[in-house]
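First the structure, in the form of structure tokens, and then the observations on it.
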Amino acid sequence: MTPRDLPELIELQRLSELAGVHMSRRVLCEVSAGEARFPVEAFILGSASPLAPAVGFFGGVHGLERIGAEVTIAYLRSLVMRLPWDETLHRQLETVRLVFMPLVNPGGLWRGTRANPNGVDLMRNAPVESAERVPYLIGGQRVSAALPWYRGAQGAPMERESAALCELVEAELTVRPFSIAVDCHSGFGLSDRIWFPFAHSSRPIAHLPEMHALCEIVDGALLHHRYVLEPQSRQYMAHGDLWDHLYLRACDAKPGSVFLPLTLEMGSWLWVKKNPRQIFSRHGMFNPVIAHRQQRVLRRHVGWLDFITRAACSHERWVPTGNDRERHRDQAMARWYEGPVR
């Protein structure tokens, strides 16, 4: 098997050719895994207007969680295959910018590891420190790259992949009045969870009313959905979270804009529960290995990603203002923080 045989890279090449002039392709950096070299790429569709809302879709941050990259690519594929005939899609793309980074960690995907080829967990690699207690190891550690959840050396620059993701987000998303990021992962619990910042702190984010309003339209429009929407801190806290870092930078750089980072954490324990034998495979602990289950996962989450695109296009209809914003803040505090604003 060679780097060119990675099915995700082959699929992205094919989609780029099919999309033609409708999609731009940008190499953000290159990374090495032994003698193999991989591009870290972004694929962009839609409006070039700086005032248009934007949505970023990210996958493959952890190389073991292949399903995250597959979900992201599946949604990109659905858009590309609709381009020749779907007039409604073309009208939608006139009003929104869609940014895809489906393989953030191609070296980790190639090696079958959570970390990148340098042994760094990219989701623990940002310069954000928690002042609160984080769980041992899983919250991020600087002891050794031989142990999981390694953050990198103290004072070292961010890894190429992490830096490329941050540069893309700040060039394409947070410069706009409204943007959403969706980062697709697997491996936590029996439920599909949608997390939002903070991971490094239990305090609520500045855009808690907007996040609650988004959750409200999800609950109202997607009846009987399986998602648990919550701040990550309700489950565990961690150092070095990339989305905490980017959110804090966005708040400082453009305080009047709205940036809502979301992490889709697909519940891989459910796949193991239905097929216990796959727990003996490192790949099977984080991915559906039976074909019909993988297809079901792709169908479910591609629909949710499309919903998020629609929500971004129509954000002026649901983003709260004035007294309505205060109502959402109170409801969010009762829902997630069990008390008044701290």
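Order determines the names: the first chain of the structure tokens is A, the second B, and so forth; residues in each chain are numbered 1 upward, and ligands are numbered 1 upward as they are shown.
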Which residues of stretch 54-86 of chain A come within 8 Å of stretch 93-111 of chain A, and for each one, what is the closest pair of atoms and their distance in Å to one decimal, counting only C-alpha atoms, sorted by chain and residue number, as a Markdown table?
| residue | atom | partner | partner_atom | distance |
| --- | --- | --- | --- | --- |
| A:Ala54 | CA | A:Arg97 | CA | 4.5 |
| A:Val55 | CA | A:Leu98 | CA | 5.1 |
| A:Gly56 | CA | A:Val99 | CA | 4.6 |
| A:Phe57 | CA | A:Phe100 | CA | 4.8 |
| A:Phe58 | CA | A:Met101 | CA | 4.8 |
| A:Gly59 | CA | A:Pro102 | CA | 4.5 |
| A:Gly60 | CA | A:Leu103 | CA | 4.8 |
| A:Val61 | CA | A:Val104 | CA | 5.0 |
| A:His62 | CA | A:Asn105 | CA | 6.5 |
| A:Gly63 | CA | A:Leu109 | CA | 3.8 |
| A:Leu64 | CA | A:Leu109 | CA | 6.2 |
| A:Arg66 | CA | A:Leu109 | CA | 7.0 |
| A:Ala69 | CA | A:Pro102 | CA | 5.3 |
| A:Glu70 | CA | A:Pro102 | CA | 7.9 |
| A:Thr72 | CA | A:Pro102 | CA | 5.7 |
| A:Ile73 | CA | A:Pro102 | CA | 6.1 |
| A:Leu76 | CA | A:Phe100 | CA | 7.6 |
- Message: Just list as an MDAnalysis selection string whatever in stretch 163-262 of chain A DSSP marks as alpha helix (DSSP H).
- Response: chainID A and resid 163:172 208:221 242:253
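Comparing A:Met23, A:Val120, A:Arg114, A:Ala164 by their smallest distance to A:Val40, the closest is A:Ala164 (using only C-alpha atoms).
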- Message: Which residues are near stretch 135-141 of chain A? Cut-off 8 Å, only C-alpha atoms, ignore same chain within fewer than 3 positions. Put them as a list in words.
- Response: Arg124, Ser144, Pro148, Trp149, Tyr150, Arg151, Tyr236, Met237, Ala238, His239 and Gly240 of chain A
Hey, can you spit out that residue selection with N, CA and C atoms as a compact mmCIF listing (two decimals), in the first residue's frame?
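out_4.txt, freshly written:
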# COMPACT_ATOMS: atom_id res chain seq x y z
N ARG A 124 -4.92 18.13 21.54
CA ARG A 124 -4.33 18.58 22.81
C ARG A 124 -3.15 19.52 22.55
N SER A 144 5.51 12.13 27.63
CA SER A 144 6.15 11.36 26.57
C SER A 144 5.21 11.16 25.39
N PRO A 148 -0.43 8.03 25.22
CA PRO A 148 -1.49 8.73 24.48
C PRO A 148 -1.76 10.11 25.04
N TRP A 149 -2.41 10.93 24.22
CA TRP A 149 -2.83 12.29 24.58
C TRP A 149 -1.64 13.23 24.83
N TYR A 150 -0.53 12.97 24.13
CA TYR A 150 0.66 13.81 24.27
C TYR A 150 0.42 15.16 23.61
N ARG A 151 0.74 16.23 24.32
CA ARG A 151 0.46 17.59 23.85
C ARG A 151 1.59 18.17 23.01
N TYR A 236 -15.77 15.85 30.42
CA TYR A 236 -14.42 15.93 30.96
C TYR A 236 -13.76 17.20 30.44
N MET A 237 -12.69 17.61 31.10
CA MET A 237 -11.97 18.81 30.68
C MET A 237 -10.56 18.42 30.23
N ALA A 238 -9.96 19.31 29.44
CA ALA A 238 -8.66 18.99 28.86
C ALA A 238 -7.86 20.25 28.60
N HIS A 239 -6.56 20.09 28.58
CA HIS A 239 -5.65 21.13 28.11
C HIS A 239 -5.58 21.10 26.58
N GLY A 240 -5.24 22.24 25.99
CA GLY A 240 -4.80 22.26 24.60
C GLY A 240 -5.85 22.06 23.54
- Message: List as a PyMOL selection string the protein and nucleic acid residues near A:Glu41, meaning an atom at most 6 Å away when only C-alpha atoms are counted, but skip any in the same chain fewer than 5 places from it.
- Response: chain A and resi 26-28
Could those selected residues go to a file with N, CA, C and O atoms, as a PDB file, in the first residue's frame?
ATOM      1  N   ARG A  26      -6.958  23.637  -2.067  1.00  0.00           N
ATOM      2  CA  ARG A  26      -5.822  24.377  -1.543  1.00  0.00           C
ATOM      3  C   ARG A  26      -4.967  23.454  -0.691  1.00  0.00           C
ATOM      4  O   ARG A  26      -5.472  22.813   0.237  1.00  0.00           O
ATOM      5  N   VAL A  27      -3.684  23.341  -1.009  1.00  0.00           N
ATOM      6  CA  VAL A  27      -2.752  22.583  -0.178  1.00  0.00           C
ATOM      7  C   VAL A  27      -2.272  23.498   0.946  1.00  0.00           C
ATOM      8  O   VAL A  27      -1.652  24.533   0.696  1.00  0.00           O
ATOM      9  N   LEU A  28      -2.576  23.132   2.182  1.00  0.00           N
ATOM     10  CA  LEU A  28      -2.245  23.950   3.342  1.00  0.00           C
ATOM     11  C   LEU A  28      -0.832  23.686   3.844  1.00  0.00           C
ATOM     12  O   LEU A  28      -0.147  24.591   4.303  1.00  0.00           O
TER      13      LEU A  28
END
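Proximity ranking of A:Ala115, A:Glu132, A:Ser191, A:Leu165 relative to A:Ala42 places A:Leu165 first, based on only C-alpha atoms.
Non-sequential neighbours of stretch 298-308 of chain A (distance at most 7 Å, separation of 3 or more positions within a chain, only C-alpha atoms) are A:Val71, A:Ala74, A:Tyr75, A:Gln294, A:Gln295, A:Ala311, A:Ala312.
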With N, CA and C atoms retained, write the just-selected residues as a PDB file, in the first residue's frame.
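The result, stored in out38.pdb:
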ATOM      1  N   VAL A  71     -17.344  10.573   7.198  1.00  0.00           N
ATOM      2  CA  VAL A  71     -18.571  11.371   7.272  1.00  0.00           C
ATOM      3  C   VAL A  71     -18.375  12.708   6.566  1.00  0.00           C
ATOM      4  N   ALA A  74     -18.246  12.125   2.886  1.00  0.00           N
ATOM      5  CA  ALA A  74     -19.564  11.737   2.370  1.00  0.00           C
ATOM      6  C   ALA A  74     -20.446  12.959   2.140  1.00  0.00           C
ATOM      7  N   TYR A  75     -20.375  13.944   3.040  1.00  0.00           N
ATOM      8  CA  TYR A  75     -21.172  15.150   2.829  1.00  0.00           C
ATOM      9  C   TYR A  75     -20.638  15.955   1.648  1.00  0.00           C
ATOM     10  N   GLN A 294     -21.921   1.038   8.928  1.00  0.00           N
ATOM     11  CA  GLN A 294     -21.206   2.203   8.416  1.00  0.00           C
ATOM     12  C   GLN A 294     -22.118   3.043   7.531  1.00  0.00           C
ATOM     13  N   GLN A 295     -22.890   2.385   6.672  1.00  0.00           N
ATOM     14  CA  GLN A 295     -23.807   3.107   5.787  1.00  0.00           C
ATOM     15  C   GLN A 295     -24.862   3.859   6.596  1.00  0.00           C
ATOM     16  N   ALA A 311     -28.880  25.926   8.524  1.00  0.00           N
ATOM     17  CA  ALA A 311     -28.968  26.824   9.678  1.00  0.00           C
ATOM     18  C   ALA A 311     -28.059  28.031   9.495  1.00  0.00           C
ATOM     19  N   ALA A 312     -26.860  27.809   8.958  1.00  0.00           N
ATOM     20  CA  ALA A 312     -25.944  28.927   8.735  1.00  0.00           C
ATOM     21  C   ALA A 312     -26.507  29.887   7.687  1.00  0.00           C
TER      22      ALA A 312
END
- Task: Assign secondary structure with DSSP using the backbone only, and return the residues of stretch 133-322 of chain A in strand (DSSP E) as a count of residues only.
- Result: 28
- Task: For stretch 328-338 of chain A, list every protein, DNA or RNA residue within 12 Å, evaluated using only C-alpha atoms, and leave out those in the same chain fewer than 6 positions away; present the list as an MDAnalysis selection string.
- Result: chainID A and resid 195:196 202:216 228:235 318:322
Output file for the residues above (C-alpha atoms, as a short mmCIF file (atom, residue, chain, number, x, y, z; two decimals), in the first residue's frame):
data_model
loop_
_atom_site.label_atom_id
_atom_site.label_comp_id
_atom_site.auth_asym_id
_atom_site.auth_seq_id
_atom_site.Cartn_x
_atom_site.Cartn_y
_atom_site.Cartn_z
CA TRP A 195 -20.04 19.31 22.09
CA PHE A 196 -19.28 23.01 22.20
CA SER A 202 -16.48 24.85 33.23
CA ARG A 203 -17.55 28.46 32.72
CA PRO A 204 -20.07 29.26 29.92
CA ILE A 205 -18.93 30.76 26.62
CA ALA A 206 -19.80 34.30 25.58
CA HIS A 207 -22.09 33.03 22.81
CA LEU A 208 -24.10 30.72 25.04
CA PRO A 209 -27.44 32.29 23.92
CA GLU A 210 -26.59 31.67 20.26
CA MET A 211 -25.56 28.11 21.02
CA HIS A 212 -28.79 27.47 22.89
CA ALA A 213 -30.82 28.94 20.02
CA LEU A 214 -29.05 26.58 17.61
CA CYS A 215 -29.80 23.63 19.89
CA GLU A 216 -33.43 24.74 20.05
CA VAL A 228 -26.96 14.98 23.10
CA LEU A 229 -26.03 18.67 22.84
CA GLU A 230 -23.85 19.98 25.66
CA PRO A 231 -20.62 21.78 26.61
CA GLN A 232 -17.69 19.38 26.60
CA SER A 233 -16.89 20.30 30.21
CA ARG A 234 -19.95 18.32 31.32
CA GLN A 235 -18.09 15.13 30.38
CA TRP A 318 -32.85 32.31 14.54
CA VAL A 319 -29.85 34.05 16.12
CA PRO A 320 -31.37 35.82 19.17
CA THR A 321 -31.18 39.54 19.88
CA GLY A 322 -32.30 41.84 22.72
#
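If you measure from each of A:Gln154, A:Asn118, A:Thr113, A:Ser201 to A:Arg133 using only C-alpha atoms, the closest one turns out to be A:Ser201.
For A:Cys184, the residues within 7 Å (counting only C-alpha atoms, excluding itself and residues fewer than 2 positions away along the chain) are Phe58, Gly59, Gly68, Val182, Thr263, Leu264 and Glu265 of chain A.
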